[in-house]
Amino acid sequence: MVLNPDWWAKLGPFGQDTSTTMIESITSKSIPNKVTAKAVYADLRNKGASHYELGLFYRTVLNKGLWPSQASLGKDLGVSATKVSEKVALARLPASVVELMGGPACLTLRIGSALLSAIDTVGEQAVEARAQAARDVGYTSIDDLLHFVATNQLPERVESAIKVRISRDRKALRIETPLAARLGPHIGKLEAWMPRVLALFEQSIRAEAAEALRQRDARQRKRR
């Protein structure tokens with residue numbers, strides 16, 4: 001059977017219909033038979049599709065009845081039934097939650113399993129609301145988001161090394177910190193804080209200089 005050339009020509013990276021998202025292309029009605037399904041699957045694998053996206057593909061073709069079971073699907077595609085089952089489970093995750101967690105590429109099997117457990121415990125709406133709340137206050141790392149989703153508590157702030165470098169023309173400072181992604185949504189507030197922080201730092205420098213001068217004068221008086 002020959003693939004519909006018009007349909008195939010629309011596929012972009014990851015076998016994606018360029019007029020839709022990748023997820024929409026996988027779950028659309030454009031996979032009518034096994035020949036098309038295998039071609040789409042090969043493209044997904046070649047382009048490095050995520051566990052979640054492969055799970056959506058497996059679930060889609062199973063729901064269409066192109067294969068009678070996960071075992072027969074896995075056998076035809078050269079994948080173990082266990083791996084098919086793991087990824088089909090991930091397909092239960094709502095697309096909205098997936099995007100809040102950073103997108104399909106961020107969903108390892110461990111993260112996906114933890115999210116499914118949270119959904120089974122508190123429900124999809126609560127998980128989505130918690131993920132959104134964590135993002136709203138500046139958390140973006142997958143582990144921080146997962147912590148809040150699972151516990152409904154913000155993770156503890158961990159102090160990390162900060163490096164400050166001066167530009168070659170000595171007119172600018174560059175701050176390097178692992179917290180940059182987390183602080184990004186609040187960059188305006190950070191800028192408002194910086195004059196106060198720098199003023200306090202300058203006060204401490206002046207205080208140290210004054211104390212050093214006092215101690216020097218005291219030593220000189222003792223020598224007289």
# chains A, B, ... in the order shown; residues from 1 in each chain; ligands from 1
>>> residues_around(residues="His51 of chain A", least_positions_apart="5", cutoff="12 Å", atoms="only C-alpha atoms", output="PyMOL selection string")
chain A and resi 44-45+56-58+83-91+93+98+103-113
>>> select_by_dssp(residues="segment 28-72 of chain A", states="helix (DSSP H, G or I)", output="JSON, numbers by chain")
{"A": [34, 35, 36, 37, 38, 39, 40, 41, 42, 43, 44, 45, 46, 51, 52, 53, 54, 55, 56, 57, 58, 59, 60, 61, 62, 63, 70, 71, 72]}
>>> write_last_selection(atoms="N, CA, C and O atoms", output="CSV table (one decimal), in the first residue's frame")
chain,number,residue,atom,x,y,z
A,34,LYS,N,-1.6,-0.2,9.2
A,34,LYS,CA,-0.3,-0.6,9.8
A,34,LYS,C,0.8,-0.1,9.0
A,34,LYS,O,1.9,0.3,9.6
A,35,VAL,N,0.7,0.0,7.7
A,35,VAL,CA,1.8,0.5,6.9
A,35,VAL,C,2.1,2.0,7.3
A,35,VAL,O,3.3,2.3,7.5
A,36,THR,N,1.1,2.8,7.3
A,36,THR,CA,1.3,4.2,7.8
A,36,THR,C,1.8,4.2,9.2
A,36,THR,O,2.7,5.0,9.5
A,37,ALA,N,1.2,3.4,10.1
A,37,ALA,CA,1.6,3.4,11.5
A,37,ALA,C,3.1,3.1,11.6
A,37,ALA,O,3.9,3.8,12.3
A,38,LYS,N,3.6,2.1,10.9
A,38,LYS,CA,5.0,1.7,11.0
A,38,LYS,C,5.9,2.9,10.4
A,38,LYS,O,7.0,3.1,10.9
A,39,ALA,N,5.5,3.5,9.4
A,39,ALA,CA,6.3,4.6,8.8
A,39,ALA,C,6.3,5.8,9.8
A,39,ALA,O,7.4,6.4,10.0
A,40,VAL,N,5.2,6.1,10.4
A,40,VAL,CA,5.2,7.2,11.4
A,40,VAL,C,6.1,6.8,12.6
A,40,VAL,O,6.8,7.6,13.1
A,41,TYR,N,6.0,5.5,13.0
A,41,TYR,CA,6.8,5.1,14.2
A,41,TYR,C,8.3,5.2,13.9
A,41,TYR,O,9.1,5.6,14.7
A,42,ALA,N,8.7,4.7,12.7
A,42,ALA,CA,10.1,4.8,12.3
A,42,ALA,C,10.6,6.3,12.3
A,42,ALA,O,11.7,6.6,12.8
A,43,ASP,N,9.7,7.2,11.9
A,43,ASP,CA,10.1,8.6,11.9
A,43,ASP,C,10.2,9.1,13.3
A,43,ASP,O,11.1,9.9,13.6
A,44,LEU,N,9.3,8.7,14.1
A,44,LEU,CA,9.3,9.2,15.5
A,44,LEU,C,10.6,8.7,16.2
A,44,LEU,O,11.3,9.5,16.9
A,45,ARG,N,11.0,7.5,16.0
A,45,ARG,CA,12.2,6.9,16.6
A,45,ARG,C,13.5,7.6,16.0
A,45,ARG,O,14.4,7.9,16.8
A,46,ASN,N,13.5,7.8,14.7
A,46,ASN,CA,14.6,8.4,14.1
A,46,ASN,C,14.9,9.9,14.6
A,46,ASN,O,16.0,10.3,14.7
A,51,HIS,N,9.5,9.5,25.6
A,51,HIS,CA,8.7,8.4,26.1
A,51,HIS,C,7.2,8.7,26.0
A,51,HIS,O,6.4,7.9,25.6
A,52,TYR,N,6.9,9.9,26.3
A,52,TYR,CA,5.4,10.3,26.3
A,52,TYR,C,4.9,10.3,24.9
A,52,TYR,O,3.8,9.8,24.7
A,53,GLU,N,5.6,10.8,24.0
A,53,GLU,CA,5.1,10.9,22.6
A,53,GLU,C,5.0,9.5,22.0
A,53,GLU,O,4.0,9.2,21.3
A,54,LEU,N,5.9,8.6,22.3
A,54,LEU,CA,5.8,7.2,21.9
A,54,LEU,C,4.6,6.5,22.5
A,54,LEU,O,3.9,5.7,21.9
A,55,GLY,N,4.4,6.9,23.8
A,55,GLY,CA,3.2,6.3,24.5
A,55,GLY,C,1.9,6.7,23.8
A,55,GLY,O,1.0,5.9,23.7
A,56,LEU,N,1.9,8.0,23.4
A,56,LEU,CA,0.7,8.5,22.7
A,56,LEU,C,0.5,7.7,21.4
A,56,LEU,O,-0.6,7.4,21.0
A,57,PHE,N,1.6,7.5,20.7
A,57,PHE,CA,1.5,6.7,19.4
A,57,PHE,C,1.0,5.3,19.7
A,57,PHE,O,0.1,4.8,19.0
A,58,TYR,N,1.6,4.6,20.7
A,58,TYR,CA,1.2,3.3,21.0
A,58,TYR,C,-0.3,3.2,21.3
A,58,TYR,O,-1.1,2.4,20.8
A,59,ARG,N,-0.7,4.1,22.2
A,59,ARG,CA,-2.1,4.1,22.6
A,59,ARG,C,-3.1,4.4,21.4
A,59,ARG,O,-4.1,3.8,21.3
A,60,THR,N,-2.6,5.3,20.5
A,60,THR,CA,-3.5,5.7,19.4
A,60,THR,C,-3.7,4.5,18.5
A,60,THR,O,-4.8,4.2,18.1
A,61,VAL,N,-2.6,3.8,18.1
A,61,VAL,CA,-2.8,2.7,17.2
A,61,VAL,C,-3.5,1.5,17.8
A,61,VAL,O,-4.2,0.8,17.1
A,62,LEU,N,-3.4,1.4,19.1
A,62,LEU,CA,-4.1,0.3,19.8
A,62,LEU,C,-5.6,0.7,19.9
A,62,LEU,O,-6.4,-0.2,19.7
A,63,ASN,N,-5.9,1.9,20.2
A,63,ASN,CA,-7.3,2.3,20.2
A,63,ASN,C,-8.0,2.2,18.8
A,63,ASN,O,-9.2,2.0,18.8
A,70,GLN,N,-1.0,-5.0,23.2
A,70,GLN,CA,0.3,-4.4,23.4
A,70,GLN,C,1.5,-5.4,23.0
A,70,GLN,O,2.5,-5.0,22.4
A,71,ALA,N,1.2,-6.7,23.3
A,71,ALA,CA,2.3,-7.7,23.0
A,71,ALA,C,2.4,-7.8,21.5
A,71,ALA,O,3.6,-7.8,21.0
A,72,SER,N,1.3,-7.8,20.7
A,72,SER,CA,1.5,-8.0,19.2
A,72,SER,C,2.0,-6.7,18.6
A,72,SER,O,2.8,-6.8,17.7
>>> residues_around(residues="segment 133-144 of chain A", least_positions_apart="5", cutoff="9 Å", atoms="only C-alpha atoms", output="JSON, numbers by chain")
{"A": [100, 101, 102, 106, 107, 111, 128, 149, 153, 154, 155, 181, 182, 183, 184, 185, 186]}
>>> atom_distance(atom1="atom CA of Ala150 of chain A", atom2="atom CA of Ala118 of chain A")
5.7 Å
>>> select_by_dssp(residues="segment 79-222 of chain A", states="strand (DSSP E)", output="PyMOL selection string")
chain A and resi 163-166+173-176
>>> write_last_selection(atoms="C-alpha atoms", output="PDB file, in the first residue's frame")
ATOM      1  CA  LYS A 163      30.045  33.955  40.813  1.00  0.00           C
ATOM      2  CA  VAL A 164      30.293  37.640  39.983  1.00  0.00           C
ATOM      3  CA  ARG A 165      32.515  38.680  37.102  1.00  0.00           C
ATOM      4  CA  ILE A 166      33.417  42.151  35.852  1.00  0.00           C
ATOM      5  CA  LEU A 173      28.958  42.959  36.346  1.00  0.00           C
ATOM      6  CA  ARG A 174      27.900  39.462  35.316  1.00  0.00           C
ATOM      7  CA  ILE A 175      26.202  37.257  37.904  1.00  0.00           C
ATOM      8  CA  GLU A 176      26.383  33.499  37.413  1.00  0.00           C
TER       9      GLU A 176
END
>>> closest_residue(among="A:Leu190, A:Glu211, A:Ile162, A:Val127", to="Pro178 of chain A", atoms="only C-alpha atoms")
A:Ile162
>>> atom_distance(atom1="atom CA of His147 of chain A", atom2="atom CA of Ile119 of chain A")
13.5 Å
>>> atom_distance(atom1="atom CA of Val122 of chain A", atom2="atom CA of Phe148 of chain A")
12.6 Å
>>> decode(residues="segment 12-159 of chain A", atoms="C-alpha atoms", output="PDB file, in the first residue's frame")
ATOM      1  CA  GLY A  12       7.956  18.002   9.798  1.00  0.00           C
ATOM      2  CA  PRO A  13      10.455  17.008  12.510  1.00  0.00           C
ATOM      3  CA  PHE A  14       9.330  14.066  14.630  1.00  0.00           C
ATOM      4  CA  GLY A  15       6.741  13.167  11.989  1.00  0.00           C
ATOM      5  CA  GLN A  16       4.826  16.272  12.974  1.00  0.00           C
ATOM      6  CA  ASP A  17       2.136  17.858  10.852  1.00  0.00           C
ATOM      7  CA  THR A  18       3.568  21.361  10.543  1.00  0.00           C
ATOM      8  CA  SER A  19       0.107  22.886  10.925  1.00  0.00           C
ATOM      9  CA  THR A  20      -0.426  21.184  14.293  1.00  0.00           C
ATOM     10  CA  THR A  21       1.578  20.191  17.341  1.00  0.00           C
ATOM     11  CA  MET A  22       3.421  16.898  17.390  1.00  0.00           C
ATOM     12  CA  ILE A  23       0.986  15.497  19.906  1.00  0.00           C
ATOM     13  CA  GLU A  24      -1.970  16.453  17.750  1.00  0.00           C
ATOM     14  CA  SER A  25      -0.388  14.792  14.730  1.00  0.00           C
ATOM     15  CA  ILE A  26       0.153  11.551  16.627  1.00  0.00           C
ATOM     16  CA  THR A  27      -3.397  11.429  17.941  1.00  0.00           C
ATOM     17  CA  SER A  28      -5.064  12.561  14.727  1.00  0.00           C
ATOM     18  CA  LYS A  29      -6.991  10.288  12.336  1.00  0.00           C
ATOM     19  CA  SER A  30      -4.148  10.286   9.805  1.00  0.00           C
ATOM     20  CA  ILE A  31      -2.890   6.797  10.736  1.00  0.00           C
ATOM     21  CA  PRO A  32      -5.379   4.566   8.910  1.00  0.00           C
ATOM     22  CA  ASN A  33      -3.410   1.304   8.684  1.00  0.00           C
ATOM     23  CA  LYS A  34      -0.328  -0.624   9.807  1.00  0.00           C
ATOM     24  CA  VAL A  35       1.816   0.513   6.879  1.00  0.00           C
ATOM     25  CA  THR A  36       1.278   4.162   7.751  1.00  0.00           C
ATOM     26  CA  ALA A  37       1.650   3.416  11.456  1.00  0.00           C
ATOM     27  CA  LYS A  38       5.020   1.737  10.953  1.00  0.00           C
ATOM     28  CA  ALA A  39       6.265   4.619   8.811  1.00  0.00           C
ATOM     29  CA  VAL A  40       5.197   7.156  11.432  1.00  0.00           C
ATOM     30  CA  TYR A  41       6.783   5.069  14.175  1.00  0.00           C
ATOM     31  CA  ALA A  42      10.085   4.844  12.283  1.00  0.00           C
ATOM     32  CA  ASP A  43      10.092   8.621  11.860  1.00  0.00           C
ATOM     33  CA  LEU A  44       9.345   9.165  15.534  1.00  0.00           C
ATOM     34  CA  ARG A  45      12.213   6.916  16.580  1.00  0.00           C
ATOM     35  CA  ASN A  46      14.650   8.441  14.092  1.00  0.00           C
ATOM     36  CA  LYS A  47      13.856  11.932  15.386  1.00  0.00           C
ATOM     37  CA  GLY A  48      14.247  10.951  19.048  1.00  0.00           C
ATOM     38  CA  ALA A  49      10.625  11.143  20.171  1.00  0.00           C
ATOM     39  CA  SER A  50      10.119  11.202  23.935  1.00  0.00           C
ATOM     40  CA  HIS A  51       8.684   8.393  26.075  1.00  0.00           C
ATOM     41  CA  TYR A  52       5.443  10.340  26.326  1.00  0.00           C
ATOM     42  CA  GLU A  53       5.102  10.861  22.584  1.00  0.00           C
ATOM     43  CA  LEU A  54       5.832   7.210  21.857  1.00  0.00           C
ATOM     44  CA  GLY A  55       3.225   6.316  24.467  1.00  0.00           C
ATOM     45  CA  LEU A  56       0.676   8.482  22.689  1.00  0.00           C
ATOM     46  CA  PHE A  57       1.516   6.729  19.431  1.00  0.00           C
ATOM     47  CA  TYR A  58       1.181   3.253  20.974  1.00  0.00           C
ATOM     48  CA  ARG A  59      -2.136   4.146  22.582  1.00  0.00           C
ATOM     49  CA  THR A  60      -3.460   5.718  19.382  1.00  0.00           C
ATOM     50  CA  VAL A  61      -2.803   2.720  17.154  1.00  0.00           C
ATOM     51  CA  LEU A  62      -4.095   0.310  19.812  1.00  0.00           C
ATOM     52  CA  ASN A  63      -7.292   2.338  20.205  1.00  0.00           C
ATOM     53  CA  LYS A  64      -7.735   2.255  16.424  1.00  0.00           C
ATOM     54  CA  GLY A  65      -7.515  -1.525  16.558  1.00  0.00           C
ATOM     55  CA  LEU A  66      -4.522  -1.715  14.219  1.00  0.00           C
ATOM     56  CA  TRP A  67      -2.998  -4.227  16.661  1.00  0.00           C
ATOM     57  CA  PRO A  68      -5.077  -6.383  19.005  1.00  0.00           C
ATOM     58  CA  SER A  69      -2.732  -6.131  22.002  1.00  0.00           C
ATOM     59  CA  GLN A  70       0.347  -4.432  23.387  1.00  0.00           C
ATOM     60  CA  ALA A  71       2.262  -7.674  22.964  1.00  0.00           C
ATOM     61  CA  SER A  72       1.453  -7.974  19.242  1.00  0.00           C
ATOM     62  CA  LEU A  73       2.242  -4.286  18.719  1.00  0.00           C
ATOM     63  CA  GLY A  74       5.589  -4.644  20.436  1.00  0.00           C
ATOM     64  CA  LYS A  75       6.444  -7.767  18.462  1.00  0.00           C
ATOM     65  CA  ASP A  76       5.743  -6.055  15.128  1.00  0.00           C
ATOM     66  CA  LEU A  77       7.711  -2.945  16.078  1.00  0.00           C
ATOM     67  CA  GLY A  78      10.595  -4.765  17.758  1.00  0.00           C
ATOM     68  CA  VAL A  79       9.837  -3.456  21.249  1.00  0.00           C
ATOM     69  CA  SER A  80       9.212  -5.464  24.390  1.00  0.00           C
ATOM     70  CA  ALA A  81       5.657  -5.577  25.698  1.00  0.00           C
ATOM     71  CA  THR A  82       6.950  -4.149  28.978  1.00  0.00           C
ATOM     72  CA  LYS A  83       8.313  -1.024  27.294  1.00  0.00           C
ATOM     73  CA  VAL A  84       5.088  -0.587  25.339  1.00  0.00           C
ATOM     74  CA  SER A  85       3.101  -0.859  28.570  1.00  0.00           C
ATOM     75  CA  GLU A  86       5.333   1.652  30.386  1.00  0.00           C
ATOM     76  CA  LYS A  87       4.943   4.237  27.667  1.00  0.00           C
ATOM     77  CA  VAL A  88       1.207   3.663  27.181  1.00  0.00           C
ATOM     78  CA  ALA A  89       0.816   4.401  30.885  1.00  0.00           C
ATOM     79  CA  LEU A  90       2.515   7.781  30.379  1.00  0.00           C
ATOM     80  CA  ALA A  91      -0.077   8.637  27.732  1.00  0.00           C
ATOM     81  CA  ARG A  92      -2.607   8.991  30.558  1.00  0.00           C
ATOM     82  CA  LEU A  93      -0.960  12.267  31.517  1.00  0.00           C
ATOM     83  CA  PRO A  94      -2.953  15.315  30.341  1.00  0.00           C
ATOM     84  CA  ALA A  95      -1.139  17.454  27.772  1.00  0.00           C
ATOM     85  CA  SER A  96      -1.640  20.500  30.029  1.00  0.00           C
ATOM     86  CA  VAL A  97       0.287  18.838  32.869  1.00  0.00           C
ATOM     87  CA  VAL A  98       3.012  17.692  30.482  1.00  0.00           C
ATOM     88  CA  GLU A  99       3.553  21.246  29.240  1.00  0.00           C
ATOM     89  CA  LEU A 100       3.637  22.658  32.788  1.00  0.00           C
ATOM     90  CA  MET A 101       6.326  20.126  33.677  1.00  0.00           C
ATOM     91  CA  GLY A 102       8.489  21.406  30.840  1.00  0.00           C
ATOM     92  CA  GLY A 103       7.220  19.440  27.848  1.00  0.00           C
ATOM     93  CA  PRO A 104       7.380  15.821  26.660  1.00  0.00           C
ATOM     94  CA  ALA A 105      11.186  15.703  26.551  1.00  0.00           C
ATOM     95  CA  CYS A 106      11.347  16.258  30.330  1.00  0.00           C
ATOM     96  CA  LEU A 107       9.219  13.223  31.159  1.00  0.00           C
ATOM     97  CA  THR A 108      11.424  10.313  32.091  1.00  0.00           C
ATOM     98  CA  LEU A 109       9.691   7.110  33.117  1.00  0.00           C
ATOM     99  CA  ARG A 110      10.466   7.996  36.749  1.00  0.00           C
ATOM    100  CA  ILE A 111       8.939  11.451  36.501  1.00  0.00           C
ATOM    101  CA  GLY A 112       5.950  10.140  34.582  1.00  0.00           C
ATOM    102  CA  SER A 113       5.312   7.411  37.123  1.00  0.00           C
ATOM    103  CA  ALA A 114       5.461   9.922  39.987  1.00  0.00           C
ATOM    104  CA  LEU A 115       3.016  12.233  38.200  1.00  0.00           C
ATOM    105  CA  LEU A 116       0.594   9.383  37.562  1.00  0.00           C
ATOM    106  CA  SER A 117       0.790   8.439  41.226  1.00  0.00           C
ATOM    107  CA  ALA A 118      -0.005  12.041  42.196  1.00  0.00           C
ATOM    108  CA  ILE A 119      -2.947  12.116  39.777  1.00  0.00           C
ATOM    109  CA  ASP A 120      -4.296   8.873  41.222  1.00  0.00           C
ATOM    110  CA  THR A 121      -4.015  10.385  44.707  1.00  0.00           C
ATOM    111  CA  VAL A 122      -5.298  13.949  44.295  1.00  0.00           C
ATOM    112  CA  GLY A 123      -6.716  14.112  40.761  1.00  0.00           C
ATOM    113  CA  GLU A 124      -5.704  15.777  37.495  1.00  0.00           C
ATOM    114  CA  GLN A 125      -7.010  19.243  38.379  1.00  0.00           C
ATOM    115  CA  ALA A 126      -5.067  19.374  41.646  1.00  0.00           C
ATOM    116  CA  VAL A 127      -1.849  18.240  39.957  1.00  0.00           C
ATOM    117  CA  GLU A 128      -2.249  20.839  37.222  1.00  0.00           C
ATOM    118  CA  ALA A 129      -3.033  23.566  39.766  1.00  0.00           C
ATOM    119  CA  ARG A 130       0.029  22.679  41.866  1.00  0.00           C
ATOM    120  CA  ALA A 131       2.350  22.635  38.856  1.00  0.00           C
ATOM    121  CA  GLN A 132       1.009  26.026  37.762  1.00  0.00           C
ATOM    122  CA  ALA A 133       1.398  27.452  41.281  1.00  0.00           C
ATOM    123  CA  ALA A 134       5.021  26.296  41.471  1.00  0.00           C
ATOM    124  CA  ARG A 135       5.767  27.923  38.110  1.00  0.00           C
ATOM    125  CA  ASP A 136       4.013  31.119  39.158  1.00  0.00           C
ATOM    126  CA  VAL A 137       6.471  31.572  42.039  1.00  0.00           C
ATOM    127  CA  GLY A 138       9.496  30.860  39.865  1.00  0.00           C
ATOM    128  CA  TYR A 139      10.205  27.133  40.122  1.00  0.00           C
ATOM    129  CA  THR A 140      11.121  25.598  36.773  1.00  0.00           C
ATOM    130  CA  SER A 141      13.329  22.558  37.376  1.00  0.00           C
ATOM    131  CA  ILE A 142      11.573  19.237  36.906  1.00  0.00           C
ATOM    132  CA  ASP A 143      12.499  17.991  40.395  1.00  0.00           C
ATOM    133  CA  ASP A 144      11.230  21.170  42.086  1.00  0.00           C
ATOM    134  CA  LEU A 145       7.958  20.988  40.153  1.00  0.00           C
ATOM    135  CA  LEU A 146       7.542  17.311  40.950  1.00  0.00           C
ATOM    136  CA  HIS A 147       8.165  17.968  44.657  1.00  0.00           C
ATOM    137  CA  PHE A 148       5.423  20.571  44.791  1.00  0.00           C
ATOM    138  CA  VAL A 149       3.023  18.431  42.749  1.00  0.00           C
ATOM    139  CA  ALA A 150       3.545  15.448  45.062  1.00  0.00           C
ATOM    140  CA  THR A 151       3.567  17.277  48.417  1.00  0.00           C
ATOM    141  CA  ASN A 152       1.735  20.568  47.799  1.00  0.00           C
ATOM    142  CA  GLN A 153       4.704  22.271  49.466  1.00  0.00           C
ATOM    143  CA  LEU A 154       7.413  24.420  47.930  1.00  0.00           C
ATOM    144  CA  PRO A 155      10.857  22.780  48.006  1.00  0.00           C
ATOM    145  CA  GLU A 156      13.390  24.290  50.352  1.00  0.00           C
ATOM    146  CA  ARG A 157      15.654  26.884  48.815  1.00  0.00           C
ATOM    147  CA  VAL A 158      19.163  25.469  48.660  1.00  0.00           C
ATOM    148  CA  GLU A 159      21.978  27.994  48.783  1.00  0.00           C
TER     149      GLU A 159
END
